[in-house]
Every structure is written in C-alpha cells, then in structure tokens.
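Peer 1: start18.cif (mmCIF, C-alpha atoms) pasted underneath:
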```cif
data_coords
loop_
_atom_site.label_atom_id
_atom_site.label_comp_id
_atom_site.auth_asym_id
_atom_site.auth_seq_id
_atom_site.Cartn_x
_atom_site.Cartn_y
_atom_site.Cartn_z
CA ALA W 1 -27.34 16.22 -5.97
CA VAL W 2 -25.75 13.77 -3.56
CA PRO W 3 -24.51 15.50 -0.36
CA GLU W 4 -20.73 15.72 -0.01
CA SER W 5 -20.81 13.82 3.29
CA VAL W 6 -22.58 10.86 1.62
CA THR W 7 -20.06 10.83 -1.24
CA LEU W 8 -17.13 10.85 1.19
CA THR W 9 -18.70 8.06 3.27
CA ILE W 10 -19.10 5.91 0.15
CA TYR W 11 -15.46 6.62 -0.83
CA VAL W 12 -14.21 5.55 2.61
CA ALA W 13 -16.40 2.42 2.68
CA ILE W 14 -15.16 1.25 -0.74
CA TRP W 15 -11.56 2.15 0.21
CA TYR W 16 -11.73 0.11 3.45
CA VAL W 17 -13.48 -2.90 1.91
CA CYS W 18 -11.18 -3.07 -1.12
CA ASN W 19 -8.06 -2.59 1.02
CA THR W 20 -9.10 -5.43 3.32
CA PHE W 21 -9.83 -7.79 0.42
CA TYR W 22 -6.54 -6.77 -1.21
CA ASN W 23 -4.63 -7.88 1.89
CA ILE W 24 -6.54 -11.18 2.04
CA TYR W 25 -6.03 -12.15 -1.62
CA ASN W 26 -2.49 -10.78 -1.64
CA LYS W 27 -1.50 -12.89 1.37
CA LYS W 28 -3.13 -15.97 -0.18
CA ALA W 29 -1.19 -15.47 -3.43
CA LEU W 30 2.10 -14.87 -1.60
CA ASN W 31 1.60 -18.00 0.51
CA GLN W 32 1.07 -20.02 -2.67
CA ILE W 33 3.91 -18.85 -4.92
CA HIS W 34 7.28 -17.55 -3.76
CA ALA W 35 7.96 -15.14 -6.62
CA HIS W 36 6.91 -12.03 -4.76
CA TRP W 37 8.27 -9.34 -7.09
CA SER W 38 6.43 -11.08 -9.92
CA VAL W 39 3.21 -11.00 -7.88
CA ALA W 40 3.71 -7.28 -7.22
CA PHE W 41 4.24 -6.69 -10.95
CA ALA W 42 1.18 -8.75 -11.94
CA GLN W 43 -0.99 -6.73 -9.54
CA LEU W 44 0.14 -3.50 -11.20
CA VAL W 45 -0.46 -4.96 -14.68
CA VAL W 46 -4.07 -5.66 -13.67
CA GLY W 47 -4.36 -1.94 -12.92
CA VAL W 48 -2.84 -1.02 -16.28
CA LEU W 49 -5.36 -3.25 -18.09
CA TRP W 50 -8.15 -1.65 -16.06
CA CYS W 51 -7.00 1.78 -17.29
CA VAL W 52 -6.83 0.60 -20.91
CA ILE W 53 -10.46 -0.59 -20.70
CA ILE W 54 -11.70 2.61 -19.00
CA TYR W 55 -9.92 4.89 -21.47
CA GLY W 56 -10.79 2.69 -24.43
CA LEU W 57 -14.51 2.85 -23.61
CA GLY W 58 -14.32 6.61 -23.13
CA ILE W 59 -15.48 6.37 -19.50
CA ARG W 60 -12.68 8.70 -18.45
CA LYS W 61 -10.65 11.35 -20.23
CA VAL W 62 -7.17 10.20 -21.26
CA PRO W 63 -4.28 12.12 -19.58
CA LYS W 64 -2.53 14.42 -22.06
CA LEU W 65 1.08 14.38 -20.94
CA ALA W 66 4.13 15.58 -22.85
CA GLY W 67 7.46 13.75 -22.72
CA LYS W 68 8.80 16.18 -20.11
CA ASP W 69 5.75 15.46 -17.90
CA TRP W 70 6.47 11.73 -17.99
CA MET W 71 10.10 12.42 -17.14
CA SER W 72 9.12 14.57 -14.16
CA LEU W 73 6.81 11.83 -12.92
CA ALA W 74 9.25 8.93 -13.51
CA PRO W 75 11.16 9.31 -10.18
CA ILE W 76 7.86 9.46 -8.28
CA GLY W 77 6.76 6.30 -10.09
CA LEU W 78 10.00 4.67 -8.96
CA PHE W 79 9.23 5.43 -5.30
CA ALA W 80 5.63 4.25 -5.78
CA ALA W 81 6.97 0.98 -7.22
CA ALA W 82 9.41 0.61 -4.32
CA SER W 83 6.65 1.27 -1.79
CA HIS W 84 4.35 -1.32 -3.35
CA GLY W 85 7.10 -3.89 -3.85
CA GLY W 86 8.39 -3.46 -0.31
CA SER W 87 4.89 -3.89 1.13
CA VAL W 88 4.30 -7.05 -0.91
CA LEU W 89 7.62 -8.59 0.14
CA ALA W 90 6.97 -7.70 3.80
CA LEU W 91 3.57 -9.38 3.61
CA GLY W 92 5.10 -12.42 1.95
CA ALA W 93 7.71 -12.76 4.68
CA GLY W 94 5.50 -12.33 7.75
CA SER W 95 1.95 -12.02 9.03
CA VAL W 96 -0.46 -9.38 7.79
CA SER W 97 -0.75 -7.96 11.31
CA PHE W 98 3.03 -7.53 11.70
CA ALA W 99 3.33 -5.83 8.30
CA GLN W 100 0.48 -3.45 9.22
CA ILE W 101 2.07 -2.66 12.61
CA VAL W 102 5.40 -1.72 10.99
CA LYS W 103 3.57 0.21 8.25
CA ALA W 104 2.05 2.31 11.03
CA CYS W 105 5.58 3.75 11.39
CA GLU W 106 5.23 5.57 8.06
CA PRO W 107 4.84 9.02 9.78
CA VAL W 108 8.28 8.52 11.39
CA PHE W 109 9.87 8.23 7.95
CA ALA W 110 7.75 11.08 6.57
CA ALA W 111 8.86 13.39 9.41
CA LEU W 112 12.55 12.50 8.91
CA VAL W 113 12.32 13.01 5.13
CA ALA W 114 10.60 16.36 5.72
CA LEU W 115 13.59 17.46 7.83
CA ALA W 116 16.23 16.05 5.46
CA ILE W 117 15.03 17.21 2.03
CA PRO W 118 14.40 20.88 1.16
CA PRO W 119 12.08 22.66 1.53
CA ILE W 120 12.46 21.77 5.21
CA GLU W 121 9.15 21.13 6.98
CA VAL W 122 9.13 21.29 10.78
CA LYS W 123 6.20 19.55 12.45
CA PRO W 124 4.58 20.68 15.74
CA ALA W 125 6.31 19.50 18.94
CA LEU W 126 3.32 17.29 19.83
CA ALA W 127 3.64 15.50 16.47
CA TYR W 128 7.28 14.61 17.22
CA MET W 129 6.24 13.34 20.67
CA MET W 130 3.71 11.06 18.96
CA LEU W 131 6.52 9.58 16.84
CA LEU W 132 8.07 8.28 20.06
CA VAL W 133 4.72 6.72 20.96
CA ILE W 134 4.56 5.02 17.53
CA VAL W 135 8.08 3.63 17.82
CA GLY W 136 7.37 2.48 21.40
CA GLY W 137 4.20 0.70 20.27
CA VAL W 138 5.97 -1.12 17.45
CA GLY W 139 8.79 -2.05 19.85
CA LEU W 140 6.31 -3.48 22.37
CA ALA W 141 4.58 -5.49 19.62
CA CYS W 142 7.95 -7.13 18.88
CA VAL W 143 8.41 -8.33 22.47
CA LYS W 144 7.02 -11.86 22.82
CA GLU W 145 5.86 -12.93 26.25
CA GLY W 146 8.42 -15.25 27.80
CA LYS W 147 10.73 -15.01 24.75
CA GLY W 148 11.95 -11.40 24.71
CA VAL W 149 12.40 -9.40 21.51
CA GLU W 150 11.45 -11.41 18.45
CA ILE W 151 11.50 -9.63 15.09
CA ASN W 152 11.00 -11.03 11.61
CA MET W 153 13.85 -8.93 10.21
CA TYR W 154 13.03 -9.71 6.58
CA ALA W 155 9.43 -8.52 6.98
CA PHE W 156 10.52 -5.58 9.15
CA GLY W 157 13.20 -4.54 6.65
CA TRP W 158 10.90 -4.60 3.60
CA ALA W 159 8.07 -2.83 5.44
CA SER W 160 10.52 -0.11 6.52
CA PHE W 161 11.83 0.11 2.94
CA ALA W 162 8.22 0.60 1.80
CA ASN W 163 7.71 3.31 4.43
CA LEU W 164 10.80 5.22 3.29
CA ALA W 165 9.78 4.96 -0.36
CA ALA W 166 6.26 6.19 0.45
CA ALA W 167 7.69 9.14 2.38
CA LEU W 168 9.98 10.09 -0.52
CA LYS W 169 7.11 9.73 -3.00
CA GLY W 170 4.96 12.05 -0.88
CA LYS W 171 7.69 14.65 -0.40
CA LEU W 172 9.06 14.77 -3.94
CA GLY W 173 5.80 14.18 -5.77
CA LYS W 174 3.66 16.84 -4.12
CA ASP W 175 4.69 19.83 -6.24
CA VAL W 176 4.87 17.88 -9.52
CA THR W 177 1.39 16.39 -9.21
CA HIS W 178 -0.10 19.69 -8.00
CA SER W 179 1.22 21.57 -11.04
CA LEU W 180 -0.11 18.89 -13.40
CA LYS W 181 -3.52 18.93 -11.71
CA ALA W 182 -3.63 22.73 -12.01
CA ASP W 183 -3.24 22.54 -15.81
CA LYS W 184 -6.76 21.46 -16.83
CA SER W 185 -5.65 20.75 -20.40
CA LYS W 186 -3.70 17.71 -19.15
CA ASN W 187 -6.77 15.93 -17.68
CA MET W 188 -4.84 15.07 -14.53
CA ASP W 189 -7.50 14.74 -11.83
CA ALA W 190 -6.91 12.52 -8.76
CA ALA W 191 -7.99 9.34 -10.60
CA ASN W 192 -5.70 9.98 -13.57
CA VAL W 193 -2.76 10.88 -11.33
CA TYR W 194 -3.08 7.46 -9.72
CA ALA W 195 -3.53 5.77 -13.10
CA VAL W 196 -0.29 7.32 -14.40
CA MET W 197 1.53 6.38 -11.18
CA ASN W 198 0.30 2.80 -11.62
CA VAL W 199 1.63 2.62 -15.18
CA LEU W 200 5.02 3.99 -14.12
CA SER W 201 5.14 1.66 -11.10
CA ALA W 202 4.49 -1.32 -13.37
CA ALA W 203 7.33 -0.26 -15.69
CA TRP W 204 9.81 0.14 -12.81
CA THR W 205 8.72 -3.14 -11.18
CA LEU W 206 9.17 -4.98 -14.48
CA ILE W 207 12.83 -3.92 -14.46
CA VAL W 208 13.22 -5.40 -10.96
CA VAL W 209 11.50 -8.64 -12.04
CA VAL W 210 13.80 -8.95 -15.08
CA PHE W 211 16.88 -8.78 -12.83
CA THR W 212 15.55 -10.91 -9.95
CA GLU W 213 12.92 -13.49 -10.88
CA ALA W 214 12.50 -13.62 -14.66
CA THR W 215 14.97 -16.46 -15.19
CA THR W 216 13.68 -18.55 -12.27
CA PHE W 217 9.94 -17.89 -12.52
CA GLN W 218 9.07 -20.91 -14.67
CA GLY W 219 10.95 -23.23 -12.32
CA THR W 220 9.28 -21.64 -9.30
CA TRP W 221 5.87 -22.01 -10.92
CA ASP W 222 6.45 -25.68 -11.82
CA HIS W 223 7.73 -26.45 -8.31
CA THR W 224 4.74 -24.69 -6.74
CA VAL W 225 2.21 -26.56 -8.89
CA LYS W 226 3.92 -29.89 -8.18
CA ASP W 227 3.99 -29.32 -4.41
CA ALA W 228 0.34 -28.21 -4.41
CA ALA W 229 -0.72 -31.31 -6.35
CA ALA W 230 1.13 -33.52 -3.86
CA ALA W 231 -0.53 -31.68 -0.95
CA CYS W 232 -3.96 -32.22 -2.52
CA LYS W 233 -3.37 -35.99 -2.58
CA LYS W 234 -2.54 -35.97 1.13
CA ASP W 235 -5.26 -33.55 2.24
CA PRO W 236 -7.71 -32.24 -0.41
CA LYS W 237 -9.11 -29.70 2.07
CA GLY W 238 -5.76 -28.55 3.47
CA ALA W 239 -4.39 -25.01 3.16
CA LYS W 240 -1.56 -26.23 0.93
CA CYS W 241 -3.93 -27.81 -1.59
CA TYR W 242 -4.66 -25.46 -4.48
CA THR W 243 -4.60 -25.38 -8.28
CA PRO W 244 -2.80 -23.08 -10.75
CA ASN W 245 -6.15 -21.36 -11.31
CA ASP W 246 -6.35 -20.58 -7.58
CA ILE W 247 -3.00 -18.80 -7.75
CA ILE W 248 -4.02 -16.82 -10.84
CA PHE W 249 -7.37 -15.90 -9.26
CA ASN W 250 -5.72 -14.65 -6.04
CA VAL W 251 -3.16 -12.56 -7.95
CA VAL W 252 -5.78 -11.03 -10.27
CA ALA W 253 -8.25 -10.40 -7.42
CA SER W 254 -5.53 -8.75 -5.34
CA GLY W 255 -4.62 -6.59 -8.36
CA VAL W 256 -8.23 -5.47 -8.87
CA PHE W 257 -8.73 -4.63 -5.20
CA PHE W 258 -5.32 -2.91 -5.04
CA TYR W 259 -6.23 -0.59 -7.89
CA LEU W 260 -9.72 0.12 -6.58
CA TYR W 261 -8.68 0.89 -3.01
CA ASN W 262 -5.96 3.26 -4.18
CA GLU W 263 -8.27 5.01 -6.64
CA PHE W 264 -10.88 5.69 -3.96
CA ALA W 265 -8.21 6.64 -1.39
CA PHE W 266 -6.77 9.15 -3.90
CA ALA W 267 -10.26 10.53 -4.63
CA PHE W 268 -10.99 10.89 -0.90
CA THR W 269 -7.62 12.61 -0.25
CA ALA W 270 -8.26 15.04 -3.13
CA LYS W 271 -11.46 16.17 -1.41
CA VAL W 272 -10.42 16.31 2.27
CA GLY W 273 -6.62 16.72 2.22
CA PRO W 274 -3.73 14.41 3.21
CA VAL W 275 -3.97 14.79 6.99
CA THR W 276 -7.63 13.73 7.33
CA SER W 277 -6.89 10.92 4.88
CA SER W 278 -3.93 9.86 7.03
CA VAL W 279 -6.17 9.60 10.13
CA LEU W 280 -8.62 7.35 8.30
CA ASN W 281 -5.75 5.36 6.80
CA THR W 282 -4.62 4.66 10.36
CA LEU W 283 -8.06 3.48 11.49
CA LYS W 284 -8.17 1.25 8.42
CA ARG W 285 -5.20 -0.73 9.76
CA VAL W 286 -7.25 -1.81 12.79
CA ILE W 287 -9.90 -3.34 10.51
CA ILE W 288 -7.30 -5.10 8.35
CA ILE W 289 -5.47 -6.54 11.38
CA VAL W 290 -8.69 -7.88 12.94
CA VAL W 291 -10.21 -9.29 9.72
CA THR W 292 -7.02 -10.94 8.44
CA ALA W 293 -6.26 -12.39 11.89
CA ILE W 294 -9.64 -14.14 11.70
CA VAL W 295 -9.25 -15.23 8.04
CA PHE W 296 -5.71 -16.62 8.44
CA GLY W 297 -5.95 -17.71 12.06
CA GLU W 298 -3.12 -15.39 13.10
CA VAL W 299 -2.73 -15.43 16.88
CA MET W 300 -1.63 -12.13 18.42
CA ASP W 301 -0.31 -12.26 21.97
CA LYS W 302 -1.04 -9.57 24.55
CA ASN W 303 2.05 -7.47 23.78
CA ALA W 304 1.33 -7.54 20.05
CA MET W 305 -2.25 -6.35 20.60
CA ILE W 306 -1.29 -3.62 23.06
CA GLY W 307 1.73 -2.55 20.98
CA SER W 308 -0.24 -2.38 17.75
CA GLY W 309 -2.97 -0.39 19.51
CA VAL W 310 -0.41 2.08 20.89
CA ALA W 311 1.36 2.45 17.52
CA ILE W 312 -1.89 2.97 15.61
CA ALA W 313 -3.20 5.44 18.21
CA GLY W 314 0.14 7.30 18.05
CA THR W 315 -0.15 7.52 14.28
CA MET W 316 -3.66 8.93 14.51
CA PHE W 317 -2.70 11.54 17.13
CA TYR W 318 0.38 12.43 15.06
CA SER W 319 -1.93 13.20 12.13
CA LEU W 320 -4.27 15.23 14.34
CA ALA W 321 -1.32 17.20 15.80
CA GLU W 322 -0.10 17.87 12.26
CA MET W 323 -3.57 19.07 11.28
CA GLN W 324 -3.67 21.45 14.25
CA GLY W 325 -0.20 22.74 13.38
CA ASN W 326 -1.28 23.40 9.78
CA LYS W 327 -4.31 25.37 11.01
CA LYS W 328 -2.13 27.55 13.25
CA ALA W 329 0.36 28.14 10.40
CA LYS W 330 -2.46 29.29 8.09
CA ALA W 331 -3.86 31.54 10.83
CA HIS W 332 -0.52 33.36 11.00
#
```
In structure tokens, write the structure found in this file.
Peer 2:
Amino acid sequence: AVPESVTLTIYVAIWYVCNTFYNIYNKKALNQIHAHWSVAFAQLVVGVLWCVIIYGLGIRKVPKLAGKDWMSLAPIGLFAAASHGGSVLALGAGSVSFAQIVKACEPVFAALVALAIPPIEVKPALAYMMLLVIVGGVGLACVKEGKGVEINMYAFGWASFANLAAALKGKLGKDVTHSLKADKSKNMDAANVYAVMNVLSAAWTLIVVVFTEATTFQGTWDHTVKDAAAACKKDPKGAKCYTPNDIIFNVVASGVFFYLYNEFAFAFTAKVGPVTSSVLNTLKRVIIIVVTAIVFGEVMDKNAMIGSGVAIAGTMFYSLAEMQGNKKAKAH
C-alpha cells in the first residue's frame, strides 16, 4: 500500500500544478475575449463533460441524490458559481498577482460570516489579530511608490465578491455536505461532492450568461476574431495575434485544469481537514504570483511584493491560529 504521506504529497503537487496552469490559461483566454461570464460558464461545462465521461465509463460511482438533496445543495451551488464567476471577472479586469493578493483576504470574509450567521463561531484572539495583518498587507500592496493608493476597483470588487461567496458557501454548505457524505448509499465522497457542485455552478452561471452576455456574445466573438486577424497582419508574433482555435484551446485547457485542481484540493481537504488545507492554499498563492508574473511579464513594485508577502503570511498564521484554537476547544 502507498503510504498516506506519499498520497497527500501527490495530491498537493497535482493541486498546485493544475491551479497554476489554470491561472495561466484562464488569463490568456480572458485577455483574448471580453465575454468573461461566458468563459466562466464554458470552464464549468468542461467539468460537467468530464463527469459525464467518468460516470459513463463506470470509473466512478454515480451520486444517488433525491430531489430534496438537489434542492438542499442548490443554494451552495449558487455561492460556488458566484465565487468562480467573481474570481474570473477579477482576473479579467486586473493582473493575476493583484487578484491573488485580494483573494488572500478570504479569511476576513469567512471570520465575519462566522460571526454574522448562526451558529456563531468565535475564532481565537490571535486569529482576529492576523486579520488586521492581512488587511494591512493588501492595503500596502495597493500603495504605488510615488503615486499613492492605486486600486483597480473593478478587479478588487469582483475578487471581494468572490471571497464573500466562498465564505457563505463554506458556512452554509458544511452541514449539508457532511450529512450527504455520511449516508453511504448516496455515493457522495469528496470527488462526487465537487462534481455535483460543478454541475450546479454551471446551471447557475448559465442563468447569469443568459441575462448578461447571451445576446452580445456572437458580436463580441466576431469583433475579437477580426481584431486578432488585423493584429496578426501587423505583428504575427505579437501578443494580440491569435486565432479562434487559440481562444477555444485556452478556455478548454483552463476548464480542465480548473476541474482537476479543485478535485484534488477537495480530496486533500477530505483527508487532512479544512485548516491544514487553508495553510497550503495560502502557500499556493506565492507560486501562482511568481509563475504568472514571469509568464505575463507582470512587474510588481516593492510595496506590492512586501504587501503580498505580509497578506499571505497573515493568512497562513490565521489558519495556524485557528488550528490551535480548534485543538484547545476539543481538549475542553
């Protein structure tokens, strides 16, 4: 048998690699076509097709959910869709590094939601102190040397929207998913919980697309293809020169990597718990920021580097403080 430590290491490695590639292909797709809700929807559809193939081939047991189970999961799927959509729009509006820095604020939203929605969860005092460190780090990252505070409000707003949605999904979905996992007859292990969430997210995101981009998508696509063709004539090797197949490839690739990284992140969390997973999720942001900065030539000034480091470190220590608090609570 493979040792547990080796299995967990493989899970984390695949999670990190797939998450990094997801951000790269996602940013490429968003730079190419400005129909960002449609891109978010297409990424989720890739995951749905992946599930159809896996279940169709009998590789994995099909979830056995009653109508009431789907209804109980629908609101959680809505928050999952909002979290994904918000993240995609934030990435489309600004740099990958800025989106990751603001996403590091997720514990702030989680702590506020935990205090606002019953059952009330009070975190250890040290955890709340770390929230101030996180906010301070993000604030410093927004101060440009010689220019003062400079915030991409569109990117900041959507990333914050994604953080709030993720916090609500975590708070409201915990009991529902736990009860479904406990009933073995429903085949709801960690992988199938994510698969069901992906299907529901796709359904909710489709509704958003219908009301926002459905009527303009064809025009946006035609305009994008025309501009890209013109750019290719001017500079065949330029960043703005690409074909329709390049756009499709980037969207599909981002969808594949999105599904894979989430599946392995869910599997890892199921084995080690949410707090340990949160610590590693924080460290993952460092890798994504560094790799994408190299790939896209994103220049981070001194304040941005120091601020992102402080925010990410604050997030990690918040998770560790929360872990320590949970241990003390269990001891009592």
Peer 1: Do you have, as JSON lines, the list of residues of region 148-202 of chain W lying at most 9 Å from region 112-122 of chain W, each with its nearest atom pair and that distance in Å to one decimal, counting all atoms listed in the file and ordered by chain then number?
Peer 2:
```
{"residue": "W:Leu164", "atom": "CA", "partner": "W:Val113", "partner_atom": "CA", "distance": 8.1}
{"residue": "W:Ala167", "atom": "CA", "partner": "W:Val113", "partner_atom": "CA", "distance": 6.6}
{"residue": "W:Leu168", "atom": "CA", "partner": "W:Val113", "partner_atom": "CA", "distance": 6.8}
{"residue": "W:Lys171", "atom": "CA", "partner": "W:Ala114", "partner_atom": "CA", "distance": 7.0}
{"residue": "W:Leu172", "atom": "CA", "partner": "W:Ile117", "partner_atom": "CA", "distance": 8.8}
```
Peer 1: Any chance you could work out the residue set of the PyMOL selection byres ((chain W and resi 44) around 8) here, as a ChimeraX atom specification?
Peer 2: /W:40-43,45-48,198-199,201-202,255,259
Peer 1: Measure the distance from CA of Ser278 (chain W) to CA of Val252 (chain W) in Å and round it to one decimal.
Peer 2: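 Separation between CA of Ser278 (chain W) and CA of Val252 (chain W): 27.2 Å.
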Peer 1: Fewer than 5 positions away in the same chain doesn't count, so skip those; otherwise give me all residues within 7 Å of region 4-20 of chain W, counting only C-alpha atoms, as a PyMOL selection string.
Peer 2: chain W and resi 257-258+260-261+264-265+268+284+288
Peer 1: Listing only residues of region 129-232 of chain W within 6 Å of region 90-106 of chain W, what is the closest atom pair and its distance in Å (to one decimal) for each, using all atoms listed in the file, sorted by chain and residue number ascending, as JSON lines?
Peer 2:
```
{"residue": "W:Ala155", "atom": "CA", "partner": "W:Ala90", "partner_atom": "CA", "distance": 4.1}
{"residue": "W:Trp158", "atom": "CA", "partner": "W:Ala90", "partner_atom": "CA", "distance": 5.0}
{"residue": "W:Ala159", "atom": "CA", "partner": "W:Ala90", "partner_atom": "CA", "distance": 5.3}
{"residue": "W:Asn163", "atom": "CA", "partner": "W:Glu106", "partner_atom": "CA", "distance": 4.9}
```
Peer 1: Any chance you could work out the residue set of the PyMOL selection byres ((chain W and resi 231-247) around 9) here, as a PyMOL selection string?
Peer 2: chain W and resi 28-33+221+224-230+248-252
Peer 1: Please measure the separation of CA of Thr276 (chain W) and CA of Asn326 (chain W), giving the value in Å to one decimal.
Peer 2: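 Answer for the CA of Thr276 (chain W) to CA of Asn326 (chain W) separation: 11.8 Å.
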Peer 1: Sorted by chain and rising residue number, list the residues of region 285-309 of chain W at most 8 Å from region 127-150 of chain W (counting all atoms listed in the file), each with its closest atom pair and distance in Å to one decimal, as a tab-separated table.
Peer 2:
```
residue	atom	partner	partner_atom	distance
W:Asp301	CA	W:Lys144	CA	7.4
W:Lys302	CA	W:Glu145	CA	7.9
W:Asn303	CA	W:Ala141	CA	5.3
W:Ala304	CA	W:Ala141	CA	3.9
W:Met305	CA	W:Ala141	CA	7.0
W:Ile306	CA	W:Ala141	CA	7.1
W:Gly307	CA	W:Gly137	CA	4.1
W:Ser308	CA	W:Gly137	CA	6.0
W:Gly309	CA	W:Gly137	CA	7.3
```
Peer 1: Return the single residue from W:Ala1, W:Ala331, W:Ala313, W:Val176 that is closest to Met71 (chain W), with distances computed using all atoms listed in the file.
Peer 2: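 The answer is W:Val176, which sits nearest to Met71 (chain W).
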Peer 1: Compare W:Leu180, W:Ala195, W:Val310, W:Ala110 by their minimum atom-to-atom distance to Tyr55 (chain W), counting all atoms listed in the file, and give me the closest one.
Peer 2: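 Using all atoms listed in the file, Tyr55 (chain W) sits closest to W:Ala195.
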Peer 1: Which polymer residues have any atom within 9 Å of an atom of region 56-61 of chain W, counting only C-alpha atoms, with same-chain residues fewer than 4 positions away left out, as a ChimeraX atom specification?
Peer 2: /W:51-52,187-188,192
Peer 1: Let me see the file: selected residues, C-alpha atoms, as a PDB file, keeping the file's coordinate frame.
Peer 2:
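Final output, result-v1.pdb:
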```pdb
ATOM      1  CA  CYS W  51      -7.000   1.780 -17.290  1.00  0.00           C
ATOM      2  CA  VAL W  52      -6.830   0.600 -20.910  1.00  0.00           C
ATOM      3  CA  ASN W 187      -6.770  15.930 -17.680  1.00  0.00           C
ATOM      4  CA  MET W 188      -4.840  15.070 -14.530  1.00  0.00           C
ATOM      5  CA  ASN W 192      -5.700   9.980 -13.570  1.00  0.00           C
TER       6      ASN W 192
END
```
Peer 1: Closest to Thr177 (chain W) among W:Met153, W:Val290, W:Ala321, W:Val193, using all atoms listed in the file?
Peer 2: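 When distances to Thr177 (chain W) are compared using all atoms listed in the file, the smallest one comes from W:Val193.
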Peer 1: In Å, with one decimal, what is the gap from CA of Asn26 (chain W) to CA of Val88 (chain W)?
Peer 2: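 It comes out at 7.8 Å.
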Peer 1: Point out the residue among W:Val39, W:Ile76, W:Val62, W:Ala270 with the least atom-to-atom distance to Trp204 (chain W), counting all atoms listed in the file.
Peer 2: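 Ranking W:Val39, W:Ile76, W:Val62, W:Ala270 by distance to Trp204 (chain W), first place goes to W:Ile76.
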Peer 1: Ranking W:Ala214, W:Ala125, W:Ala267, W:Ile287 by minimum distance to Tyr318 (chain W) and counting only C-alpha atoms, which one comes first?
Peer 2: W:Ala125
Peer 1: Tell me which of W:Val256, W:Val2, W:Ala162, W:Val279 sits closest to Leu49 (chain W), counting only C-alpha atoms.
Peer 2: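 For Leu49 (chain W), the nearest of the candidates is W:Val256.
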Peer 1: Could you list, as a list of chain:residue names, every residue within 9 Å of Trp37 (chain W), counting all atoms listed in the file and ignoring same-chain residues fewer than 5 positions away?
Peer 2: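 Selected residues are W:Ala42, W:Gly85, W:Gly86, W:Val88, W:Leu89, W:Thr205, W:Leu206, W:Val208, W:Val209, W:Thr212, W:Glu213.
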Peer 1: Working from the structure I just supplied, which lacks atoms in region 194-200 of chain W, can you model all heavy atoms there and output them as a PDB file, in the frame of the given file?
Peer 2:
```pdb
ATOM      1  N   TYR W 194      -3.362   8.817 -10.193  1.00  0.00           N
ATOM      2  CA  TYR W 194      -3.080   7.460  -9.720  1.00  0.00           C
ATOM      3  C   TYR W 194      -2.856   6.506 -10.881  1.00  0.00           C
ATOM      4  O   TYR W 194      -1.976   5.637 -10.827  1.00  0.00           O
ATOM      5  CB  TYR W 194      -4.182   6.931  -8.793  1.00  0.00           C
ATOM      6  CG  TYR W 194      -3.869   5.511  -8.400  1.00  0.00           C
ATOM      7  CD1 TYR W 194      -2.729   5.243  -7.633  1.00  0.00           C
ATOM      8  CD2 TYR W 194      -4.601   4.444  -8.879  1.00  0.00           C
ATOM      9  CE1 TYR W 194      -2.368   3.943  -7.332  1.00  0.00           C
ATOM     10  CE2 TYR W 194      -4.250   3.142  -8.582  1.00  0.00           C
ATOM     11  CZ  TYR W 194      -3.127   2.901  -7.803  1.00  0.00           C
ATOM     12  OH  TYR W 194      -2.757   1.610  -7.531  1.00  0.00           O
ATOM     13  N   ALA W 195      -3.663   6.656 -11.939  1.00  0.00           N
ATOM     14  CA  ALA W 195      -3.530   5.770 -13.100  1.00  0.00           C
ATOM     15  C   ALA W 195      -2.124   5.881 -13.710  1.00  0.00           C
ATOM     16  O   ALA W 195      -1.489   4.868 -14.027  1.00  0.00           O
ATOM     17  CB  ALA W 195      -4.576   6.127 -14.157  1.00  0.00           C
ATOM     18  N   VAL W 196      -1.632   7.106 -13.844  1.00  0.00           N
ATOM     19  CA  VAL W 196      -0.290   7.320 -14.400  1.00  0.00           C
ATOM     20  C   VAL W 196       0.769   6.745 -13.465  1.00  0.00           C
ATOM     21  O   VAL W 196       1.738   6.115 -13.914  1.00  0.00           O
ATOM     22  CB  VAL W 196      -0.048   8.832 -14.645  1.00  0.00           C
ATOM     23  CG1 VAL W 196       1.413   9.103 -14.967  1.00  0.00           C
ATOM     24  CG2 VAL W 196      -0.939   9.333 -15.781  1.00  0.00           C
ATOM     25  N   MET W 197       0.590   6.946 -12.152  1.00  0.00           N
ATOM     26  CA  MET W 197       1.530   6.380 -11.180  1.00  0.00           C
ATOM     27  C   MET W 197       1.563   4.853 -11.280  1.00  0.00           C
ATOM     28  O   MET W 197       2.624   4.229 -11.176  1.00  0.00           O
ATOM     29  CB  MET W 197       1.107   6.776  -9.754  1.00  0.00           C
ATOM     30  CG  MET W 197       1.463   8.177  -9.342  1.00  0.00           C
ATOM     31  SD  MET W 197       3.246   8.440  -9.353  1.00  0.00           S
ATOM     32  CE  MET W 197       3.378   9.535 -10.736  1.00  0.00           C
ATOM     33  N   ASN W 198       0.390   4.252 -11.503  1.00  0.00           N
ATOM     34  CA  ASN W 198       0.300   2.800 -11.620  1.00  0.00           C
ATOM     35  C   ASN W 198       1.066   2.293 -12.839  1.00  0.00           C
ATOM     36  O   ASN W 198       1.786   1.295 -12.768  1.00  0.00           O
ATOM     37  CB  ASN W 198      -1.161   2.377 -11.693  1.00  0.00           C
ATOM     38  CG  ASN W 198      -1.342   0.883 -11.560  1.00  0.00           C
ATOM     39  OD1 ASN W 198      -1.407   0.349 -10.470  1.00  0.00           O
ATOM     40  ND2 ASN W 198      -1.421   0.197 -12.693  1.00  0.00           N
ATOM     41  N   VAL W 199       0.925   3.007 -13.956  1.00  0.00           N
ATOM     42  CA  VAL W 199       1.630   2.620 -15.180  1.00  0.00           C
ATOM     43  C   VAL W 199       3.146   2.715 -14.980  1.00  0.00           C
ATOM     44  O   VAL W 199       3.899   1.801 -15.339  1.00  0.00           O
ATOM     45  CB  VAL W 199       1.201   3.527 -16.365  1.00  0.00           C
ATOM     46  CG1 VAL W 199       2.098   3.286 -17.583  1.00  0.00           C
ATOM     47  CG2 VAL W 199      -0.257   3.270 -16.731  1.00  0.00           C
ATOM     48  N   LEU W 200       3.587   3.815 -14.370  1.00  0.00           N
ATOM     49  CA  LEU W 200       5.020   3.990 -14.120  1.00  0.00           C
ATOM     50  C   LEU W 200       5.542   2.960 -13.122  1.00  0.00           C
ATOM     51  O   LEU W 200       6.646   2.421 -13.290  1.00  0.00           O
ATOM     52  CB  LEU W 200       5.281   5.408 -13.600  1.00  0.00           C
ATOM     53  CG  LEU W 200       5.134   6.542 -14.630  1.00  0.00           C
ATOM     54  CD1 LEU W 200       5.121   7.896 -13.931  1.00  0.00           C
ATOM     55  CD2 LEU W 200       6.256   6.485 -15.661  1.00  0.00           C
TER      56      LEU W 200
END
```
